[in-house]
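As provided, upload.csv (CSV, C-alpha atoms and all ligand atoms) reads as follows.
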chain,number,residue,atom,x,y,z
A,1,MET,CA,0.0,0.0,0.0
A,2,THR,CA,1.3,3.5,-0.8
A,3,THR,CA,1.9,5.8,2.1
A,4,VAL,CA,0.7,9.3,1.5
A,5,VAL,CA,2.9,11.9,3.1
A,6,PRO,CA,0.8,14.9,4.2
A,7,ILE,CA,2.0,18.1,2.4
A,8,GLU,CA,2.9,19.9,5.6
A,9,THR,CA,5.2,17.1,6.9
A,10,ALA,CA,6.7,16.3,3.4
A,11,LYS,CA,10.4,16.8,3.2
A,12,PRO,CA,11.1,20.1,1.3
A,13,ALA,CA,12.3,19.5,-2.3
A,14,VAL,CA,15.3,21.8,-1.8
A,15,GLN,CA,17.4,21.2,1.3
A,16,PRO,CA,18.8,24.1,3.3
A,17,GLY,CA,21.8,25.6,1.6
A,18,GLN,CA,20.7,24.3,-1.9
A,19,ARG,CA,19.8,27.0,-4.4
A,20,VAL,CA,17.5,27.0,-7.5
A,21,GLY,CA,18.6,28.9,-10.5
A,22,VAL,CA,16.3,30.4,-13.1
A,23,LEU,CA,17.8,31.3,-16.5
A,24,LEU,CA,15.8,33.5,-18.8
A,25,ILE,CA,17.0,32.9,-22.4
A,26,ASN,CA,16.3,34.9,-25.6
A,27,LEU,CA,17.7,34.7,-29.1
A,28,GLY,CA,20.7,37.0,-29.0
A,29,THR,CA,21.9,40.1,-30.7
A,30,PRO,CA,25.2,41.7,-31.8
A,31,ASP,CA,27.5,43.2,-29.2
A,32,THR,CA,28.1,46.3,-31.4
A,33,ALA,CA,26.1,48.0,-34.0
A,34,ASP,CA,28.8,47.9,-36.7
A,35,ALA,CA,29.6,45.5,-39.5
A,36,PRO,CA,32.2,43.4,-37.5
A,37,GLY,CA,29.8,43.0,-34.5
A,38,VAL,CA,26.9,42.0,-36.8
A,39,ARG,CA,29.2,39.6,-38.7
A,40,VAL,CA,30.3,37.7,-35.6
A,41,TYR,CA,26.6,37.4,-34.5
A,42,LEU,CA,25.3,36.3,-37.9
A,43,ARG,CA,28.1,33.8,-38.3
A,44,GLU,CA,27.2,32.0,-35.1
A,45,PHE,CA,23.4,32.3,-35.7
A,46,LEU,CA,23.5,31.1,-39.3
A,47,SER,CA,25.9,28.3,-38.7
A,48,ASP,CA,23.4,26.7,-36.4
A,49,PRO,CA,21.8,23.6,-38.1
A,50,ARG,CA,18.6,24.3,-36.2
A,51,VAL,CA,18.3,27.6,-38.0
A,52,ILE,CA,19.7,26.7,-41.4
A,53,GLU,CA,19.1,23.0,-41.6
A,54,ASP,CA,21.2,22.3,-44.7
A,55,GLN,CA,24.7,23.4,-43.6
A,56,GLY,CA,26.2,21.7,-46.7
A,57,LEU,CA,28.9,23.0,-49.1
A,58,ILE,CA,26.5,25.3,-51.1
A,59,TRP,CA,25.4,27.0,-47.9
A,60,GLN,CA,29.0,27.4,-46.7
A,61,LEU,CA,29.8,29.1,-50.0
A,62,VAL,CA,26.7,31.4,-49.8
A,63,LEU,CA,27.2,32.2,-46.2
A,64,ASN,CA,30.9,33.0,-46.4
A,65,GLY,CA,31.0,34.3,-50.0
A,66,ILE,CA,27.9,36.4,-50.0
A,67,ILE,CA,25.9,36.8,-46.8
A,68,LEU,CA,28.8,37.5,-44.4
A,69,ARG,CA,30.3,39.9,-46.9
A,70,ARG,CA,27.3,42.1,-47.5
A,71,ARG,CA,24.6,41.6,-44.9
A,72,PRO,CA,26.6,42.9,-41.8
A,73,ARG,CA,27.1,46.3,-43.4
A,74,THR,CA,23.4,46.8,-44.2
A,75,LYS,CA,22.1,45.2,-41.0
A,76,ALA,CA,24.5,47.3,-38.9
A,77,LEU,CA,22.7,50.4,-40.3
A,78,ASP,CA,19.4,48.9,-39.2
A,79,TYR,CA,20.7,48.1,-35.7
A,80,ARG,CA,22.0,51.7,-35.4
A,81,LYS,CA,18.4,53.0,-35.9
A,82,ILE,CA,17.2,51.1,-32.8
A,83,TRP,CA,20.4,51.0,-30.7
A,84,ASN,CA,20.1,51.9,-27.0
A,85,ASP,CA,22.9,54.5,-27.0
A,86,GLU,CA,22.6,55.1,-23.3
A,87,LYS,CA,23.7,51.6,-22.5
A,88,ASN,CA,25.5,51.1,-25.8
A,89,GLU,CA,23.6,47.8,-26.5
A,90,SER,CA,20.8,46.4,-28.5
A,91,PRO,CA,17.2,46.8,-27.0
A,92,LEU,CA,16.9,43.0,-26.8
A,93,LYS,CA,19.6,42.9,-24.2
A,94,THR,CA,18.3,45.9,-22.2
A,95,ILE,CA,14.8,44.4,-22.0
A,96,THR,CA,15.9,40.9,-21.2
A,97,ARG,CA,18.1,42.1,-18.4
A,98,SER,CA,15.2,44.1,-17.0
A,99,GLN,CA,12.9,41.1,-17.2
A,100,SER,CA,15.5,39.2,-15.2
A,101,ASP,CA,15.9,42.0,-12.6
A,102,LYS,CA,12.1,42.3,-12.2
A,103,LEU,CA,11.6,38.6,-11.9
A,104,ALA,CA,14.4,38.5,-9.2
A,105,SER,CA,12.5,41.2,-7.3
A,106,ALA,CA,9.2,39.3,-7.6
A,107,LEU,CA,10.8,36.2,-6.2
A,108,SER,CA,12.9,38.0,-3.6
A,109,ASP,CA,10.9,36.4,-0.7
A,110,ARG,CA,12.3,33.0,-1.8
A,111,GLU,CA,15.9,33.6,-0.8
A,112,HIS,CA,17.3,30.4,-2.3
A,113,VAL,CA,16.1,31.3,-5.9
A,114,VAL,CA,18.7,33.0,-8.1
A,115,VAL,CA,17.6,34.6,-11.4
A,116,ASP,CA,19.9,35.4,-14.3
A,117,TRP,CA,19.6,35.8,-18.1
A,118,ALA,CA,21.4,34.7,-21.2
A,119,MET,CA,21.4,34.8,-25.0
A,120,ARG,CA,21.5,31.7,-27.3
A,121,TYR,CA,23.9,33.5,-29.7
A,122,GLY,CA,26.4,36.1,-28.5
A,123,ASN,CA,26.6,37.5,-25.0
A,124,PRO,CA,25.9,36.8,-22.2
A,125,SER,CA,26.2,33.2,-23.3
A,126,ILE,CA,24.2,30.3,-22.0
A,127,ARG,CA,27.5,28.8,-20.8
A,128,ALA,CA,28.4,31.9,-18.8
A,129,GLY,CA,24.8,31.9,-17.3
A,130,ILE,CA,24.9,28.3,-16.2
A,131,ASP,CA,28.4,28.5,-14.9
A,132,ALA,CA,27.4,31.6,-12.8
A,133,LEU,CA,24.3,29.9,-11.4
A,134,ILE,CA,26.4,26.8,-10.4
A,135,ALA,CA,29.0,29.1,-8.9
A,136,LYS,CA,26.3,30.6,-6.7
A,137,GLY,CA,25.4,27.1,-5.5
A,138,CYS,CA,22.4,26.2,-7.7
A,139,GLU,CA,22.0,22.5,-7.8
A,140,ARG,CA,18.7,22.8,-9.8
A,141,ILE,CA,18.2,25.0,-12.8
A,142,LEU,CA,15.1,26.0,-14.7
A,143,ALA,CA,15.9,27.1,-18.2
A,144,VAL,CA,13.2,29.5,-19.6
A,145,PRO,CA,13.3,29.9,-23.4
A,146,LEU,CA,11.5,33.2,-24.0
A,147,TYR,CA,9.5,32.0,-27.0
A,148,PRO,CA,5.7,31.6,-26.6
A,149,GLN,CA,5.5,29.5,-29.7
A,150,TYR,CA,7.8,26.4,-29.9
A,151,SER,CA,10.0,26.0,-33.0
A,152,ALA,CA,13.1,23.9,-33.5
A,153,SER,CA,15.0,27.0,-34.7
A,154,THR,CA,14.4,28.8,-31.4
A,155,SER,CA,13.3,26.6,-28.4
A,156,ALA,CA,15.1,23.4,-29.4
A,157,THR,CA,18.4,25.1,-30.1
A,158,VAL,CA,18.2,26.7,-26.6
A,159,CYS,CA,17.9,23.1,-25.2
A,160,ASP,CA,20.7,21.9,-27.4
A,161,GLU,CA,23.0,24.5,-26.1
A,162,VAL,CA,22.0,24.0,-22.4
A,163,PHE,CA,22.6,20.2,-22.8
A,164,ARG,CA,26.0,20.9,-24.5
A,165,VAL,CA,27.0,23.0,-21.6
A,166,LEU,CA,25.9,20.4,-19.1
A,167,SER,CA,27.7,17.7,-21.1
A,168,ARG,CA,31.1,19.2,-19.9
A,169,LEU,CA,30.2,18.7,-16.3
A,170,ARG,CA,30.8,15.8,-14.0
A,171,ALA,CA,28.5,17.2,-11.3
A,172,GLN,CA,25.5,18.3,-13.3
A,173,PRO,CA,22.7,20.4,-11.8
A,174,THR,CA,19.2,19.0,-12.2
A,175,LEU,CA,17.4,20.6,-15.1
A,176,ARG,CA,13.9,21.7,-16.0
A,177,VAL,CA,12.8,23.6,-19.1
A,178,THR,CA,9.7,25.7,-19.3
A,179,PRO,CA,7.3,24.6,-22.1
A,180,PRO,CA,5.9,26.9,-24.9
A,181,TYR,CA,3.1,29.1,-23.6
A,182,TYR,CA,1.3,30.0,-26.9
A,183,GLU,CA,-2.2,29.7,-25.5
A,184,ASP,CA,-1.6,30.0,-21.8
A,185,GLU,CA,-4.3,32.1,-20.1
A,186,ALA,CA,-1.9,34.5,-18.5
A,187,TYR,CA,-0.1,35.1,-21.9
A,188,ILE,CA,-3.3,35.7,-23.8
A,189,GLU,CA,-4.7,37.9,-21.1
A,190,ALA,CA,-1.4,40.0,-21.0
A,191,LEU,CA,-1.5,40.4,-24.8
A,192,ALA,CA,-5.1,41.5,-24.8
A,193,THR,CA,-4.6,43.9,-21.9
A,194,SER,CA,-1.5,45.4,-23.5
A,195,ILE,CA,-3.3,45.8,-26.9
A,196,GLU,CA,-6.3,47.4,-25.3
A,197,ALA,CA,-4.1,49.8,-23.3
A,198,HIS,CA,-2.1,50.8,-26.3
A,199,LEU,CA,-5.1,51.3,-28.6
A,200,ALA,CA,-6.6,53.6,-25.9
A,201,THR,CA,-3.5,55.9,-26.3
A,202,LEU,CA,-3.8,56.2,-30.1
A,203,PRO,CA,-5.2,59.3,-31.8
A,204,PHE,CA,-7.0,57.0,-34.3
A,205,LYS,CA,-9.1,53.9,-34.3
A,206,PRO,CA,-7.5,51.1,-36.4
A,207,GLU,CA,-9.8,49.4,-39.0
A,208,LEU,CA,-8.0,46.2,-38.2
A,209,ILE,CA,-5.1,44.6,-36.3
A,210,VAL,CA,-2.4,42.5,-37.9
A,211,ALA,CA,-0.7,39.9,-35.6
A,212,SER,CA,2.7,39.5,-37.2
A,213,PHE,CA,4.9,36.5,-36.1
A,214,HIS,CA,8.5,35.8,-37.2
A,215,GLY,CA,8.4,33.5,-40.2
A,216,MET,CA,10.3,30.3,-41.0
A,217,PRO,CA,10.8,28.2,-44.1
A,218,LYS,CA,7.6,26.4,-45.0
A,219,SER,CA,9.6,23.2,-45.4
A,220,TYR,CA,10.4,23.1,-41.7
A,221,VAL,CA,6.7,23.0,-40.9
A,222,ASP,CA,6.1,20.4,-43.6
A,223,LYS,CA,8.7,18.3,-41.8
A,224,GLY,CA,6.8,18.5,-38.5
A,225,ASP,CA,7.7,21.7,-36.7
A,226,PRO,CA,4.6,22.8,-34.7
A,227,TYR,CA,5.4,26.5,-34.9
A,228,GLN,CA,2.8,27.5,-37.4
A,229,GLY,CA,0.1,25.6,-35.4
A,230,HIS,CA,1.2,27.4,-32.3
A,231,CYS,CA,1.0,30.9,-34.0
A,232,ILE,CA,-2.5,30.0,-35.3
A,233,ALA,CA,-3.6,28.9,-31.8
A,234,THR,CA,-2.3,32.1,-30.2
A,235,THR,CA,-4.1,34.3,-32.8
A,236,GLU,CA,-7.4,32.4,-32.4
A,237,ALA,CA,-7.2,32.6,-28.6
A,238,LEU,CA,-6.5,36.4,-28.9
A,239,ARG,CA,-9.5,36.8,-31.3
A,240,ARG,CA,-11.7,35.0,-28.8
A,241,ARG,CA,-10.5,37.1,-25.9
A,242,LEU,CA,-10.8,40.4,-27.8
A,243,GLY,CA,-14.1,39.4,-29.5
A,244,MET,CA,-12.7,40.0,-32.9
A,245,GLU,CA,-13.6,38.4,-36.2
A,246,THR,CA,-10.9,36.7,-38.4
A,247,SER,CA,-11.1,39.6,-40.8
A,248,LYS,CA,-10.3,42.1,-38.0
A,249,LEU,CA,-7.3,40.3,-36.5
A,250,LEU,CA,-5.1,39.0,-39.3
A,251,LEU,CA,-2.2,36.5,-38.9
A,252,THR,CA,0.9,37.2,-40.9
A,253,PHE,CA,4.6,36.1,-41.0
A,254,GLN,CA,7.5,38.5,-41.3
A,255,SER,CA,11.3,38.5,-41.6
A,256,ARG,CA,11.6,36.3,-44.7
A,257,PHE,CA,15.3,35.3,-45.3
A,258,GLY,CA,16.6,33.8,-48.5
A,259,ASN,CA,14.8,32.6,-51.6
A,260,ASP,CA,12.8,29.6,-50.3
A,261,GLU,CA,9.1,29.8,-49.6
A,262,TRP,CA,8.4,30.8,-46.0
A,263,LEU,CA,5.2,30.7,-44.0
A,264,GLN,CA,2.5,32.8,-45.6
A,265,PRO,CA,0.8,35.3,-45.7
A,266,TYR,CA,3.9,37.5,-45.6
A,267,THR,CA,3.6,40.7,-43.4
A,268,ASP,CA,5.1,43.1,-46.0
A,269,LYS,CA,2.9,41.8,-48.8
A,270,THR,CA,-0.2,42.1,-46.6
A,271,MET,CA,0.6,45.7,-45.7
A,272,GLU,CA,0.8,46.5,-49.4
A,273,ARG,CA,-2.4,44.6,-50.2
A,274,LEU,CA,-4.4,46.2,-47.4
A,275,ALA,CA,-3.3,49.7,-48.2
A,276,LYS,CA,-4.1,49.1,-51.9
A,277,GLU,CA,-7.5,47.8,-51.0
A,278,GLY,CA,-8.3,51.0,-49.2
A,279,VAL,CA,-7.4,50.3,-45.5
A,280,ARG,CA,-6.1,53.6,-44.1
A,281,ARG,CA,-5.6,52.9,-40.3
A,282,ILE,CA,-3.9,49.9,-39.0
A,283,ALA,CA,-2.2,48.5,-35.8
A,284,VAL,CA,0.4,45.7,-35.7
A,285,VAL,CA,1.1,43.5,-32.7
A,286,THR,CA,4.0,41.0,-32.6
A,287,PRO,CA,2.9,38.3,-30.0
A,288,GLY,CA,5.8,35.9,-30.8
A,289,PHE,CA,8.5,38.3,-29.5
A,290,ALA,CA,8.8,38.4,-25.7
A,291,ALA,CA,10.9,41.6,-26.1
A,292,ASP,CA,11.2,44.3,-28.7
A,293,CYS,CA,14.1,43.8,-31.0
A,294,LEU,CA,15.3,44.5,-34.5
A,295,GLU,CA,12.4,42.6,-36.0
A,296,THR,CA,9.8,44.7,-34.2
A,297,LEU,CA,11.4,48.1,-33.8
A,298,GLU,CA,12.9,48.4,-37.2
A,299,GLU,CA,11.2,45.8,-39.5
A,300,ILE,CA,7.7,46.4,-38.3
A,301,ALA,CA,7.6,49.9,-36.8
A,302,GLN,CA,9.8,51.4,-39.6
A,303,GLU,CA,10.0,49.3,-42.7
A,304,ASN,CA,6.4,48.0,-42.7
A,305,ALA,CA,5.0,51.3,-41.7
A,306,GLU,CA,6.7,52.8,-44.7
A,307,ILE,CA,5.3,50.0,-47.0
A,308,PHE,CA,1.8,50.7,-45.7
A,309,LYS,CA,2.0,54.4,-46.1
A,310,HIS,CA,3.8,54.3,-49.5
A,311,ASN,CA,0.8,52.3,-50.8
A,312,GLY,CA,-1.8,54.7,-49.6
A,313,GLY,CA,-2.2,53.8,-45.8
A,314,GLU,CA,-2.4,56.8,-43.5
A,315,GLN,CA,-2.1,55.8,-39.8
A,316,PHE,CA,0.2,52.9,-38.6
A,317,ALA,CA,0.7,51.9,-35.0
A,318,ALA,CA,3.2,49.3,-33.8
A,319,ILE,CA,2.1,47.9,-30.5
A,320,PRO,CA,5.0,47.3,-28.1
A,321,CYS,CA,5.9,43.7,-27.1
A,322,LEU,CA,5.1,42.6,-23.6
A,323,ASN,CA,8.7,43.4,-22.6
A,324,ASP,CA,9.1,44.1,-18.9
A,325,SER,CA,5.6,45.6,-18.5
A,326,ASP,CA,3.4,44.6,-15.6
A,327,PRO,CA,1.4,42.2,-17.9
A,328,GLY,CA,4.6,40.9,-19.5
A,329,MET,CA,6.1,40.2,-16.1
A,330,ASP,CA,2.9,38.5,-15.0
A,331,VAL,CA,3.4,36.0,-17.8
A,332,ILE,CA,7.0,35.2,-17.0
A,333,ARG,CA,6.3,35.0,-13.2
A,334,THR,CA,3.3,32.7,-13.7
A,335,LEU,CA,5.3,30.4,-16.0
A,336,VAL,CA,8.3,30.3,-13.8
A,337,LEU,CA,6.3,29.7,-10.5
A,338,ARG,CA,4.3,26.9,-12.2
A,339,GLU,CA,7.4,25.1,-13.4
A,340,LEU,CA,9.2,25.6,-10.1
A,341,GLN,CA,6.5,23.7,-8.2
A,342,GLY,CA,8.0,21.0,-6.0
A,343,TRP,CA,11.4,22.8,-6.1
A,344,ILE,CA,10.4,25.9,-4.0
B,401,LIG,C1,16.5,30.8,-41.6
B,401,LIG,C2,16.7,31.8,-40.9
B,401,LIG,C3,15.9,32.2,-39.7
B,401,LIG,C4,14.9,31.5,-39.0
B,401,LIG,C5,14.4,30.1,-39.2
B,401,LIG,C6,14.5,32.3,-37.9
B,401,LIG,C7,13.6,32.0,-36.9
B,401,LIG,C8,13.2,32.8,-35.8
B,401,LIG,N1,13.8,33.9,-35.4
B,401,LIG,C9,13.1,34.4,-34.3
B,401,LIG,C10,13.4,35.6,-33.6
B,401,LIG,C11,14.4,36.6,-34.0
B,401,LIG,N2,15.1,36.6,-35.1
B,401,LIG,C12,15.9,37.8,-35.2
B,401,LIG,C13,16.7,38.1,-36.1
B,401,LIG,C14,17.1,37.4,-37.2
B,401,LIG,N3,16.5,36.2,-37.7
B,401,LIG,C15,17.2,35.7,-38.8
B,401,LIG,C16,16.9,34.5,-39.4
B,401,LIG,C17,16.1,33.5,-39.0
B,401,LIG,N4,15.2,33.5,-38.0
B,401,LIG,C18,18.2,36.6,-39.0
B,401,LIG,C19,19.3,36.4,-40.2
B,401,LIG,C20,18.2,37.6,-38.1
B,401,LIG,C21,19.2,38.8,-37.9
B,401,LIG,C22,18.8,40.0,-38.6
B,401,LIG,C23,18.9,39.9,-40.0
B,401,LIG,O1,20.0,39.7,-40.5
B,401,LIG,O2,17.9,39.9,-40.7
B,401,LIG,C24,15.6,38.5,-33.9
B,401,LIG,C25,16.2,39.9,-33.6
B,401,LIG,C26,17.5,39.9,-32.9
B,401,LIG,C27,17.9,41.3,-32.5
B,401,LIG,O3,19.2,41.5,-32.5
B,401,LIG,O4,17.2,42.2,-32.2
B,401,LIG,C28,14.7,37.8,-33.2
B,401,LIG,C29,14.1,38.1,-31.8
B,401,LIG,C30,12.0,33.6,-34.1
B,401,LIG,C31,11.0,33.8,-32.9
B,401,LIG,C32,12.1,32.5,-35.0
B,401,LIG,C33,11.1,31.4,-35.1
B,401,LIG,C34,10.3,31.2,-36.0
B,402,FE,FE,15.0,35.2,-36.7
B,403,FE,FE,14.1,41.4,-40.1
What is this file in structure tokens?
Ligand SMILES: C=CC1=C(C)c2cc3[nH]c(cc4nc(cc5[nH]c(cc1n2)c(C)c5CCC(=O)O)C(CCC(=O)O)=C4C)c(C)c3C=C
Ligand SMILES: [Fe+2]
Ligand SMILES: [Fe+2]
Amino acid sequence: MTTVVPIETAKPAVQPGQRVGVLLINLGTPDTADAPGVRVYLREFLSDPRVIEDQGLIWQLVLNGIILRRRPRTKALDYRKIWNDEKNESPLKTITRSQSDKLASALSDREHVVVDWAMRYGNPSIRAGIDALIAKGCERILAVPLYPQYSASTSATVCDEVFRVLSRLRAQPTLRVTPPYYEDEAYIEALATSIEAHLATLPFKPELIVASFHGMPKSYVDKGDPYQGHCIATTEALRRRLGMETSKLLLTFQSRFGNDEWLQPYTDKTMERLAKEGVRRIAVVTPGFAADCLETLEEIAQENAEIFKHNGGEQFAAIPCLNDSDPGMDVIRTLVLRELQGWI
């Protein structure tokens, strides 16, 4: 017969002196807004077989012969447009650090929990983050990939790197990883609250909202990546919560890279089409990004605004990501506390 231990007399999961580490992880970004900095970042990013699955000879020639020669210069100009000059870093770093600081404050009553942050590519690295948590005495680590929708090119590569780092260790910490949260109630509620709050500040009423997600090659989804399904589920949950019809909250995919077919409809083509069809006022939300970055601050708020207006659109609003806002921190805190159950 099984003996049931009453909760109040059960042995605490974490013994006195043991610590639990929480590592928030986002994609990564260049260290400097110049061509050399962007080249280092793109080389690491685009050499990852989770991002570019065919790393064969042809890709090596294209990467080294064309992309890493030309793209760093043009992209460095884009990074300069959004750079946080005060801290001399990319907004993705500033925001992720702040998310980590705010989570640490929210968990400060649990003295044995240590919170830190890392980037999959560039700095601070996952290796540095895990080493620092271990040095602080963490025998258990919760890795938190900051991607609401799972994809192999984002969430899985975070796990790959975490496991690679642990593979060097004889005494490994115990590991947990937070799951994707694409239709989590706290996440959908936070998105809805932040959209409503932002719309209330606008001097115009958008005729419709576009939910733009980062794209990926269609072939990755055809091979089984659940990413597109997760983006659809998020958008449908958001429509239900906001009481909006399909035609008033559109789903699109941005950031196409290379010549292959990516997930459709494309955000830029949709902007052009809508403006040409007579839509004059629009708002764009980017629910797949936990923090504002090049793809939201430059590609959406600047490039796509320009496309919309160039084709006859008049008013364009880019709704900020959840970032370190109160609703955004609610999502991260809820997710982390749920996955720490039994450990704290
Ligand atoms: C085949 C290439 C790419 C895939 C697949 C991909 C998936 C993917 N990316 C994000 C989130 C971000 N991507 C960002 C920048 C970025 N993405 C790619 C390529 C792929 N992304 C490139 C080459 C770049 C760099 C910029 C450029 O050269 O165009 C960023 C911004 C980082 C920053 O510094 O601000 C984010 C965030 C997701 C969620 C995703 C999954 C589908
Ligand atoms: Fe990307
Ligand atoms: Fe982009």
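Among the candidates A:Thr178, A:Asp48, A:His112, A:Phe308, the one nearest to Glu139 (chain A) when counting all atoms listed in the file is A:His112.
Residues of protein, DNA and RNA with at least one atom no farther than 12 Å from (7.2, 25.0, -14.4) are, using only C-alpha atoms, Val22, Ile141, Leu142, Ala143, Val144, Pro145, Leu175, Arg176, Val177, Thr178, Pro179, Pro180, Tyr181, Ile332, Arg333, Thr334, Leu335, Val336, Leu337, Arg338, Glu339, Leu340, Gln341, Gly342, Trp343 and Ile344 of chain A.
Atom to atom, atom C8 of ligand LIG 401 (chain B) and CA of Pro148 (chain A) stand 11.9 Å apart.
For the residues A:Ile188, A:Val162, A:Val115, A:Val285, ranking by smallest atom-to-atom distance to Phe213 (chain A) using all atoms listed in the file places A:Val285 first.
Closest approach to ligand LIG 401 (chain B) among A:Leu57, A:Ile25, A:Leu107, A:Ala186: A:Ile25, based on only C-alpha atoms and all ligand atoms.
The spacing separating atom C20 of ligand LIG 401 (chain B) from CA of Ile66 (chain A) amounts to 15.4 Å.
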Checklist entry - Got a sec: who's within 12 Å of Arg239 (chain A), counting only C-alpha atoms, leaving out chain neighbours fewer than 2 positions off, as a PyMOL selection string? => result chain A and resi 183+188-189+191-192+195+208-211+232-237+241-251
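The residues sitting within 7 Å of ligand FE 403 (chain B), with all atoms listed in the file considered, come out as Ser255, Leu294, Glu295 and Glu299 of chain A.
You can rank A:Pro265, A:Pro327, A:Pro320, A:Gly313 by their closest distance to Val284 (chain A) using all atoms listed in the file, and at the top of that list sits A:Pro320.
Among the candidate residues A:Leu24, A:Val331, A:Val51, A:Ala104, the one lying nearest to Tyr187 (chain A) is A:Val331, with distances computed using all atoms listed in the file.
Atom pair CA of Met119 (chain A) / CA of Gly37 (chain A): separated by 15.1 Å.
When all atoms listed in the file are used to compute distances to ligand FE 402 (chain B), the closest of the residues A:Arg140, A:Lys81, A:Lys87, A:His214 turns out to be A:His214.
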Spatial neighbours of Lys205 (chain A), 10 Å, only C-alpha atoms, chain gap at least 4 places, as a PDB file with C-alpha atoms, keeping the file's coordinate frame:
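The resulting out.pdb:
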ATOM      1  CA  LEU A 199      -5.100  51.300 -28.600  1.00  0.00           C
ATOM      2  CA  ALA A 200      -6.600  53.600 -25.900  1.00  0.00           C
ATOM      3  CA  THR A 201      -3.500  55.900 -26.300  1.00  0.00           C
ATOM      4  CA  ARG A 281      -5.600  52.900 -40.300  1.00  0.00           C
ATOM      5  CA  ILE A 282      -3.900  49.900 -39.000  1.00  0.00           C
ATOM      6  CA  ALA A 283      -2.200  48.500 -35.800  1.00  0.00           C
ATOM      7  CA  GLN A 315      -2.100  55.800 -39.800  1.00  0.00           C
TER       8      GLN A 315
END
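Using all atoms listed in the file, the protein and nucleic acid residues lying at most 8 Å from the point (26.5, 33.8, -32.8) are Gly28, Val40, Tyr41, Leu42, Arg43, Glu44, Phe45, Leu46, Arg120, Tyr121 and Gly122 of chain A.
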Checklist entry - Neighbours of ligand LIG 401 (chain B) within 8 Å, counting only C-alpha atoms and all ligand atoms, as JSON, numbers by chain? => result {"A": [26, 27, 28, 29, 30, 42, 45, 46, 50, 51, 52, 71, 72, 75, 79, 90, 91, 92, 147, 149, 150, 151, 152, 153, 154, 213, 214, 215, 216, 217, 227, 255, 256, 257, 258, 288, 289, 291, 292, 293, 294, 295]}
